[in-house]
>>> print(open('protein11.pdb').read())   # PDB, C-alpha atoms and all ligand atoms
MODEL        1
ATOM      1  CA  MET A   1      19.026  -4.077   9.749
ATOM      2  CA  ALA A   2      15.913  -4.761  11.707
ATOM      3  CA  ILE A   3      12.925  -6.556  10.330
ATOM      4  CA  ARG A   4       9.855  -5.782  12.374
ATOM      5  CA  GLN A   5       6.675  -7.760  12.480
ATOM      6  CA  ILE A   6       3.840  -6.420  10.351
ATOM      7  CA  ILE A   7       0.520  -6.358  12.177
ATOM      8  CA  THR A   8      -2.161  -8.309  10.357
ATOM      9  CA  ASP A   9      -4.763  -8.267  13.111
ATOM     10  CA  GLN A  10      -7.175  -5.782  11.631
ATOM     11  CA  ASP A  11      -8.569  -4.881  15.052
ATOM     12  CA  HIS A  12      -5.161  -4.106  16.567
ATOM     13  CA  LYS A  13      -5.373  -0.847  18.481
ATOM     14  CA  VAL A  14      -2.238   0.726  16.983
ATOM     15  CA  LEU A  15      -3.212  -0.284  13.440
ATOM     16  CA  ARG A  16      -6.682   1.143  14.047
ATOM     17  CA  GLY A  17      -5.652   4.168  16.095
ATOM     18  CA  LYS A  18      -4.691   7.691  15.152
ATOM     19  CA  ALA A  19      -0.912   8.027  14.951
ATOM     20  CA  LYS A  20       0.798  10.950  16.699
ATOM     21  CA  ARG A  21       2.799  13.670  15.014
ATOM     22  CA  VAL A  22       6.547  13.333  15.454
ATOM     23  CA  GLY A  23       7.888  16.209  17.523
ATOM     24  CA  ARG A  24      11.652  16.120  17.495
ATOM     25  CA  ILE A  25      13.257  14.270  14.609
ATOM     26  CA  ASP A  26      16.224  12.389  16.054
ATOM     27  CA  ASP A  27      18.146   9.121  15.747
ATOM     28  CA  SER A  28      15.192   7.095  16.975
ATOM     29  CA  THR A  29      13.089   8.546  14.127
ATOM     30  CA  ARG A  30      15.818   7.650  11.641
ATOM     31  CA  GLN A  31      16.046   4.149  13.113
ATOM     32  CA  LEU A  32      12.293   3.794  12.676
ATOM     33  CA  ILE A  33      12.598   4.848   9.018
ATOM     34  CA  ASP A  34      15.407   2.318   8.439
ATOM     35  CA  ASP A  35      13.348  -0.437  10.069
ATOM     36  CA  LEU A  36      10.337   0.461   7.930
ATOM     37  CA  PHE A  37      12.420   0.232   4.753
ATOM     38  CA  ASP A  38      13.979  -3.082   5.821
ATOM     39  CA  THR A  39      10.616  -4.565   6.757
ATOM     40  CA  MET A  40       8.934  -3.324   3.576
ATOM     41  CA  ARG A  41      11.645  -4.793   1.360
ATOM     42  CA  VAL A  42      11.497  -8.208   2.943
ATOM     43  CA  ALA A  43       7.685  -8.315   2.820
ATOM     44  CA  PRO A  44       8.063  -7.388  -0.120
ATOM     45  CA  GLY A  45       5.950  -4.311  -0.604
ATOM     46  CA  VAL A  46       6.021  -0.802  -2.020
ATOM     47  CA  GLY A  47       4.891   1.155   1.018
ATOM     48  CA  LEU A  48       4.702   0.856   4.795
ATOM     49  CA  ALA A  49       3.425   3.069   7.600
ATOM     50  CA  ALA A  50       4.723   3.037  11.193
ATOM     51  CA  PRO A  51       1.398   1.867  12.724
ATOM     52  CA  GLN A  52       1.711  -1.298  10.622
ATOM     53  CA  ILE A  53       4.696  -2.301  12.752
ATOM     54  CA  GLY A  54       3.013  -1.211  15.972
ATOM     55  CA  VAL A  55       4.522   2.278  16.238
ATOM     56  CA  PRO A  56       1.829   4.970  16.623
ATOM     57  CA  LEU A  57       3.762   7.751  14.876
ATOM     58  CA  ARG A  58       3.148   9.656  11.645
ATOM     59  CA  VAL A  59       5.951   8.159   9.559
ATOM     60  CA  ILE A  60       5.663   6.419   6.178
ATOM     61  CA  VAL A  61       8.066   4.955   3.654
ATOM     62  CA  VAL A  62       7.528   4.189  -0.018
ATOM     63  CA  GLU A  63       9.766   2.568  -2.591
ATOM     64  CA  TYR A  64       8.463   2.609  -6.108
ATOM     65  CA  GLU A  65      10.202   2.358  -9.465
ATOM     66  CA  GLY A  66      13.622   2.699  -7.888
ATOM     67  CA  GLN A  67      12.742   5.826  -5.887
ATOM     68  CA  ARG A  68      12.698   5.809  -2.099
ATOM     69  CA  TYR A  69      10.606   8.224  -0.069
ATOM     70  CA  ALA A  70      10.479   8.648   3.707
ATOM     71  CA  PHE A  71       7.985  11.139   5.086
ATOM     72  CA  ILE A  72       7.574  12.334   8.636
ATOM     73  CA  ASN A  73       4.234  14.023   9.439
ATOM     74  CA  PRO A  74       3.074  13.768   5.814
ATOM     75  CA  GLU A  75       0.031  15.662   4.644
ATOM     76  CA  ILE A  76      -1.719  15.843   1.323
ATOM     77  CA  VAL A  77      -1.900  19.522   0.471
ATOM     78  CA  LYS A  78      -3.384  19.219  -3.005
ATOM     79  CA  GLN A  79      -5.214  16.524  -4.902
ATOM     80  CA  SER A  80      -7.115  16.133  -8.129
ATOM     81  CA  GLY A  81      -8.639  13.564 -10.431
ATOM     82  CA  GLN A  82     -10.293  10.303  -9.527
ATOM     83  CA  VAL A  83      -9.609   6.709 -10.450
ATOM     84  CA  THR A  84     -10.713   3.334  -9.148
ATOM     85  CA  ASP A  85      -8.192   0.523  -9.006
ATOM     86  CA  GLU A  86      -7.421  -2.655  -7.111
ATOM     87  CA  GLU A  87      -5.432  -2.434  -3.900
ATOM     88  CA  GLY A  88      -3.943  -4.743  -1.371
ATOM     89  CA  CYS A  89      -2.264  -4.222   1.990
ATOM     90  CA  LEU A  90       0.520  -5.910   3.939
ATOM     91  CA  SER A  91      -1.749  -5.710   6.995
ATOM     92  CA  ALA A  92      -4.556  -7.545   5.190
ATOM     93  CA  PRO A  93      -2.651 -10.250   3.329
ATOM     94  CA  HIS A  94      -4.362 -11.855   0.323
ATOM     95  CA  TRP A  95      -7.273  -9.419   0.229
ATOM     96  CA  GLN A  96      -7.768  -7.097  -2.701
ATOM     97  CA  GLY A  97     -10.523  -4.753  -3.722
ATOM     98  CA  PRO A  98     -11.208  -1.617  -5.753
ATOM     99  CA  VAL A  99     -10.641   1.754  -4.110
ATOM    100  CA  THR A 100     -11.358   5.172  -5.596
ATOM    101  CA  ARG A 101      -8.524   7.644  -5.087
ATOM    102  CA  ALA A 102      -7.163  10.906  -6.439
ATOM    103  CA  THR A 103      -4.963  10.534  -9.513
ATOM    104  CA  HIS A 104      -2.658  13.421  -8.565
ATOM    105  CA  VAL A 105      -1.483  14.454  -5.120
ATOM    106  CA  THR A 106       1.003  16.895  -3.657
ATOM    107  CA  LEU A 107       2.490  15.810  -0.353
ATOM    108  CA  LYS A 108       4.191  17.890   2.257
ATOM    109  CA  GLY A 109       6.204  16.565   5.164
ATOM    110  CA  ARG A 110       9.685  16.308   6.627
ATOM    111  CA  ASP A 111      12.531  14.075   5.591
ATOM    112  CA  ARG A 112      14.848  12.093   7.883
ATOM    113  CA  ASP A 113      16.937  15.201   8.531
ATOM    114  CA  GLY A 114      13.930  17.290   9.457
ATOM    115  CA  LYS A 115      13.976  19.271   6.255
ATOM    116  CA  GLU A 116      10.610  20.196   4.785
ATOM    117  CA  VAL A 117       9.936  18.359   1.531
ATOM    118  CA  ARG A 118       7.197  18.428  -1.054
ATOM    119  CA  VAL A 119       6.558  15.725  -3.619
ATOM    120  CA  LYS A 120       4.124  15.643  -6.503
ATOM    121  CA  ALA A 121       2.896  12.208  -7.461
ATOM    122  CA  GLU A 122       0.485  10.735  -9.939
ATOM    123  CA  GLY A 123      -0.909   7.354 -10.842
ATOM    124  CA  TRP A 124       0.129   4.366  -8.756
ATOM    125  CA  LEU A 125       2.621   6.377  -6.697
ATOM    126  CA  ALA A 126      -0.137   8.838  -5.768
ATOM    127  CA  ARG A 127      -2.257   5.869  -4.726
ATOM    128  CA  ILE A 128       0.507   4.438  -2.541
ATOM    129  CA  PHE A 129       0.934   7.752  -0.713
ATOM    130  CA  GLN A 130      -2.802   8.056  -0.083
ATOM    131  CA  HIS A 131      -2.949   4.468   1.174
ATOM    132  CA  GLU A 132      -0.018   4.988   3.581
ATOM    133  CA  ILE A 133      -1.369   8.281   4.928
ATOM    134  CA  ASP A 134      -4.707   6.549   5.578
ATOM    135  CA  HIS A 135      -2.817   4.123   7.837
ATOM    136  CA  LEU A 136      -1.844   7.084  10.044
ATOM    137  CA  GLY A 137      -5.525   7.641  10.766
ATOM    138  CA  GLY A 138      -6.255   3.964  11.378
ATOM    139  CA  THR A 139      -7.991   3.489   8.024
ATOM    140  CA  LEU A 140      -7.463   0.348   5.967
ATOM    141  CA  PHE A 141      -8.223   0.197   2.245
ATOM    142  CA  LEU A 142     -10.879  -2.407   3.017
ATOM    143  CA  ASP A 143     -12.851   0.333   4.796
ATOM    144  CA  LEU A 144     -12.922   2.296   1.533
ATOM    145  CA  VAL A 145     -14.191  -0.411  -0.814
ATOM    146  CA  GLN A 146     -17.702   0.794  -1.540
ATOM    147  CA  ASP A 147     -19.114  -2.451  -2.836
ATOM    148  CA  ARG A 148     -18.024  -5.044  -0.266
ATOM    149  CA  SER A 149     -18.850  -7.890  -2.647
ATOM    150  CA  LEU A 150     -15.872  -6.841  -4.777
ATOM    151  CA  ILE A 151     -13.379  -7.654  -2.019
ATOM    152  CA  HIS A 152     -11.695 -10.841  -3.058
ATOM    153  CA  TRP A 153      -9.033 -13.270  -1.898
ATOM    154  CA  VAL A 154      -5.883 -13.574  -3.974
ATOM    155  CA  GLU A 155      -4.515 -17.044  -3.313
ATOM    156  CA  SER A 156      -0.866 -16.288  -3.139
ATOM    157  CA  ASP A 157       1.166 -13.166  -2.616
ATOM    158  CA  ALA A 158       4.636 -12.510  -3.939
ATOM    159  CA  SER A 159       6.533 -13.264  -0.765
ATOM    160  CA  GLY A 160       9.126 -15.956  -0.957
ATOM    161  CA  GLU A 161       8.216 -17.079  -4.429
ATOM    162  CA  ALA A 162      10.801 -17.403  -7.123
ATOM    163  CA  GLU A 163      10.163 -15.571 -10.361
ATOM    164  CA  GLY A 164       8.259 -17.761 -12.730
ATOM    165  CA  GLY A 165       7.168 -20.118  -9.958
ATOM    166  CA  GLU A 166       3.877 -21.906 -10.165
ATOM    167  CA  GLY A 167       2.125 -19.214  -8.186
ATOM    168  CA  ASP A 168       3.277 -16.524 -10.567
ATOM    169  CA  VAL A 169       2.159 -18.481 -13.589
ATOM    170  CA  ALA A 170      -1.248 -19.151 -12.112
ATOM    171  CA  ARG A 171      -1.541 -15.531 -11.107
ATOM    172  CA  SER A 172      -0.620 -14.118 -14.441
ATOM    173  CA  ALA A 173      -2.943 -16.565 -16.178
ATOM    174  CA  ARG A 174      -5.740 -15.386 -13.918
ATOM    175  CA  ARG A 175      -4.836 -11.787 -14.532
ATOM    176  CA  ARG A 176      -4.681 -12.289 -18.279
ATOM    177  CA  ALA A 177      -8.056 -13.990 -18.217
ATOM    178  CA  ARG A 178      -9.495 -11.129 -16.258
ATOM    179  CA  ASP A 179      -7.938  -8.422 -18.379
ATOM    180  CA  THR A 180      -8.978 -10.099 -21.594
ATOM    181  CA  ASN A 181     -12.500 -10.895 -20.561
ATOM    182  CA  GLY A 182     -13.008  -7.862 -18.432
ATOM    183  CA  ALA A 183     -14.315 -10.173 -15.757
ATOM    184  CA  ALA A 184     -12.928 -12.165 -12.879
ATOM    185  CA  THR A 185     -12.855 -15.883 -13.512
ATOM    186  CA  GLY A 186     -12.991 -18.780 -11.159
ATOM    187  CA  ASP A 187     -13.669 -16.851  -8.007
ATOM    188  CA  GLY A 188     -17.400 -16.599  -8.150
ATOM    189  CA  GLN A 189     -17.422 -13.022  -9.331
ATOM    190  CA  GLN A 190     -18.001 -13.473 -13.012
ATOM    191  CA  GLY A 191     -19.236 -10.459 -14.843
ATOM    192  CA  ARG A 192     -17.324  -8.073 -12.650
ATOM    193  CA  PRO A 193     -15.702  -5.430 -14.810
ATOM    194  CA  SER A 194     -11.958  -5.213 -14.393
ATOM    195  CA  PRO A 195     -11.195  -2.004 -12.552
ATOM    196  CA  ARG A 196      -7.618  -2.213 -13.621
ATOM    197  CA  GLY A 197      -8.136  -2.004 -17.356
ATOM    198  CA  GLN A 198      -5.096  -2.866 -19.414
ATOM    199  CA  ARG A 199      -2.465  -2.336 -16.808
ATOM    200  CA  ALA A 200      -0.699  -5.440 -15.523
ATOM    201  CA  LEU A 201       0.182  -4.978 -11.885
ATOM    202  CA  LYS A 202       3.292  -6.653 -10.545
ATOM    203  CA  PRO A 203       2.294  -8.782  -7.537
ATOM    204  CA  GLN A 204       4.226  -6.783  -4.968
ATOM    205  CA  GLU A 205       2.798  -3.508  -6.234
ATOM    206  CA  ALA A 206      -0.442  -4.384  -4.530
ATOM    207  CA  GLU A 207       1.306  -4.671  -1.149
ATOM    208  CA  LEU A 208       1.092  -1.348   0.626
TER     209      LEU A 208
HETATM  210 ZN    ZN A 301      -1.574  -0.968   3.854
ENDMDL
END
>>> encode(input="protein11.pdb", output="structure tokens", more="lines below")
Ligand SMILES: [Zn+2]
Amino acid sequence: MAIRQIITDQDHKVLRGKAKRVGRIDDSTRQLIDDLFDTMRVAPGVGLAAPQIGVPLRVIVVEYEGQRYAFINPEIVKQSGQVTDEEGCLSAPHWQGPVTRATHVTLKGRDRDGKEVRVKAEGWLARIFQHEIDHLGGTLFLDLVQDRSLIHWVESDASGEAEGGEGDVARSARRRARDTNGAATGDGQQGRPSPRGQRALKPQEAEL
């Protein structure tokens, strides 16, 4: 088990660079995948791309609703629909903002054994995949927020907090207030419509 450091310097050249395709899939690729999973779980988050731990290769991992996905050289081969929702990123801790993405995607890539795999995803899982693939081109979600004034600071993330801790309570109260009123409260952005609608997002779901 190897926990790697997640880069949070948004100008870091690997985080901002274009990752290279993996040629031969070997033990070092599998080690990288294991490290990505370990690092993502501890963060905790639901997705992680190799450039986020300083490795300029096209490898991503996702763990969502009990399913684990590892993709080498992933590509989106089909996409449809459009939805705007709040996102966060392990490389930009505390920041969230609305990003418009496809609702349905089909991904193609290779698994840890080099076998070609295709996955169809929709909703939040589709969003995670799009977010992680963006990392391979050096793009952060913050680059995609069209109205910069909607980028906001979320005081506390999920890391290290016990369930039901003060942070969670404050967070869910804030979220309830926002969902009920359809507007952010207490952060100077009153009147902003909630892009998330009725869905309550678990804190770590926003960590990609
Ligand atoms: Zn990210």
>>> atom_distance(input="protein11.pdb", atom1="atom CA of His135 of chain A", atom2="atom CA of Val83 of chain A")
19.7 Å
>>> residues_near_ligand(input="protein11.pdb", ligand="ligand ZN 301 (chain A)", cutoff="7 Å", atoms="all atoms listed in the file", output="list of chain:residue names")
A:Leu48, A:Gly88, A:Cys89, A:Leu90, A:Ser91, A:His131, A:Glu132, A:His135, A:Leu140, A:Phe141, A:Glu207, A:Leu208
>>> atom_distance(input="protein11.pdb", atom1="atom CA of Gly23 of chain A", atom2="atom CA of Val59 of chain A")
11.5 Å
>>> resolve_selection(input="protein11.pdb", expression="the PyMOL selection byres (((chain A and resi 85) around 8) and not hetatm)", output="list of chain:residue names")
A:Val83, A:Thr84, A:Glu86, A:Glu87, A:Gly97, A:Pro98, A:Val99, A:Thr100, A:Pro195, A:Arg196
>>> atom_distance(input="protein11.pdb", atom1="atom CA of Leu125 of chain A", atom2="atom CA of His12 of chain A")
26.7 Å
>>> residues_around(input="protein11.pdb", residues="Val77 of chain A", least_positions_apart="3", cutoff="8 Å", atoms="all atoms listed in the file", output="tab-separated table (two decimals) with C-alpha atoms, keeping the file's coordinate frame")
chain	number	residue	atom	x	y	z
A	105	VAL	CA	-1.48	14.45	-5.12
A	106	THR	CA	1.00	16.90	-3.66
A	107	LEU	CA	2.49	15.81	-0.35
A	108	LYS	CA	4.19	17.89	2.26
>>> residues_near_point(input="protein11.pdb", point="(5.7, 12.1, 7.2)", cutoff="6 Å", atoms="only C-alpha atoms", output="short mmCIF file (atom, residue, chain, number, x, y, z; two decimals) with C-alpha atoms, keeping the file's coordinate frame")
data_model
loop_
_atom_site.label_atom_id
_atom_site.label_comp_id
_atom_site.auth_asym_id
_atom_site.auth_seq_id
_atom_site.Cartn_x
_atom_site.Cartn_y
_atom_site.Cartn_z
CA ARG A 58 3.15 9.66 11.64
CA VAL A 59 5.95 8.16 9.56
CA ILE A 60 5.66 6.42 6.18
CA PHE A 71 7.98 11.14 5.09
CA ILE A 72 7.57 12.33 8.64
CA ASN A 73 4.23 14.02 9.44
CA PRO A 74 3.07 13.77 5.81
CA GLY A 109 6.20 16.57 5.16
CA ARG A 110 9.68 16.31 6.63
#
>>> closest_residue(input="protein11.pdb", among="A:Ala92, A:Ala70, A:Leu136, A:Leu57", to="Arg16 of chain A", atoms="only C-alpha atoms")
A:Leu136
>>> closest_residue(input="protein11.pdb", among="A:Glu75, A:Glu65, A:Asp9, A:Asp38", to="Gln52 of chain A", atoms="only C-alpha atoms")
A:Asp9
>>> closest_residue(input="protein11.pdb", among="A:Thr8, A:Ser149, A:Gln31, A:Thr139", to="Gln96 of chain A", atoms="all atoms listed in the file")
A:Ser149
>>> resolve_selection(input="protein11.pdb", expression="the PyMOL selection byres (((chain A and resi 33) around 12) and not hetatm)", output="PyMOL selection string")
chain A and resi 1-4+25-32+34-40+47-50+53+55+57-62+68-72+111-113
>>> closest_residue(input="protein11.pdb", among="A:Pro56, A:Asp147, A:His104, A:Arg118", to="Val22 of chain A", atoms="only C-alpha atoms")
A:Pro56
>>> closest_residue(input="protein11.pdb", among="A:Lys13, A:Arg41, A:Lys18, A:His94", to="Gly54 of chain A", atoms="all atoms listed in the file")
A:Lys13
>>> closest_residue(input="protein11.pdb", among="A:Leu144, A:Ala19, A:Leu150, A:Val46", to="Tyr64 of chain A", atoms="only C-alpha atoms")
A:Val46
>>> axis_aligned_box(input="protein11.pdb", around="segment 100-118 of chain A", padding_each_side="5 Å", output="lines of an AutoDock Vina configuration file")
center_x = 2.8
center_y = 12.7
center_z = 0.0
size_x = 38.3
size_y = 25.0
size_z = 29.0
>>> decode(input="protein11.pdb", residues="segment 67-122 of chain A", atoms="C-alpha atoms", output="short mmCIF file (atom, residue, chain, number, x, y, z; two decimals), in the first residue's frame")
data_model
loop_
_atom_site.label_atom_id
_atom_site.label_comp_id
_atom_site.auth_asym_id
_atom_site.auth_seq_id
_atom_site.Cartn_x
_atom_site.Cartn_y
_atom_site.Cartn_z
CA GLN A 67 -17.73 -0.24 -8.23
CA ARG A 68 -14.04 0.18 -8.99
CA TYR A 69 -12.77 1.21 -12.41
CA ALA A 70 -9.18 1.51 -13.60
CA PHE A 71 -8.62 2.80 -17.12
CA ILE A 72 -5.40 3.00 -19.07
CA ASN A 73 -5.45 5.34 -22.10
CA PRO A 74 -9.15 6.12 -21.62
CA GLU A 75 -11.09 7.91 -24.31
CA ILE A 76 -14.66 9.06 -24.52
CA VAL A 77 -16.04 7.54 -27.69
CA LYS A 78 -19.64 8.65 -27.33
CA GLN A 79 -21.44 11.27 -25.30
CA SER A 80 -24.86 12.82 -25.08
CA GLY A 81 -27.01 15.07 -22.95
CA GLN A 82 -25.97 18.06 -20.91
CA VAL A 83 -26.24 18.92 -17.25
CA THR A 84 -24.70 21.51 -14.96
CA ASP A 85 -23.72 20.49 -11.46
CA GLU A 86 -21.29 21.37 -8.70
CA GLU A 87 -17.85 19.81 -8.73
CA GLY A 88 -14.80 19.74 -6.57
CA CYS A 89 -11.30 18.34 -7.03
CA LEU A 90 -8.67 16.78 -4.78
CA SER A 91 -6.12 19.03 -6.50
CA ALA A 92 -8.12 22.16 -5.66
CA PRO A 93 -9.22 21.44 -2.09
CA HIS A 94 -12.22 23.37 -0.76
CA TRP A 95 -13.17 24.91 -4.10
CA GLN A 96 -16.44 24.05 -5.78
CA GLY A 97 -18.25 25.40 -8.79
CA PRO A 98 -20.78 24.44 -11.45
CA VAL A 99 -19.56 22.63 -14.54
CA THR A 100 -21.61 21.64 -17.58
CA ARG A 101 -20.96 18.08 -18.72
CA ALA A 102 -22.49 15.31 -20.79
CA THR A 103 -25.05 13.19 -18.94
CA HIS A 104 -24.12 9.97 -20.75
CA VAL A 105 -20.70 8.81 -21.88
CA THR A 106 -19.18 5.67 -23.33
CA LEU A 107 -15.55 5.14 -22.43
CA LYS A 108 -12.99 2.98 -24.11
CA GLY A 109 -9.62 2.04 -22.69
CA ARG A 110 -7.54 -0.82 -21.33
CA ASP A 111 -7.74 -2.50 -17.97
CA ARG A 112 -4.82 -3.48 -15.72
CA ASP A 113 -4.25 -6.64 -17.76
CA GLY A 114 -4.17 -4.76 -21.04
CA LYS A 115 -7.56 -5.98 -22.13
CA GLU A 116 -9.72 -3.52 -24.04
CA VAL A 117 -12.75 -2.44 -22.02
CA ARG A 118 -15.76 -0.28 -22.68
CA VAL A 119 -18.00 1.21 -20.02
CA LYS A 120 -21.23 3.14 -20.37
CA ALA A 121 -21.89 5.64 -17.62
CA GLU A 122 -24.53 8.19 -16.80
#
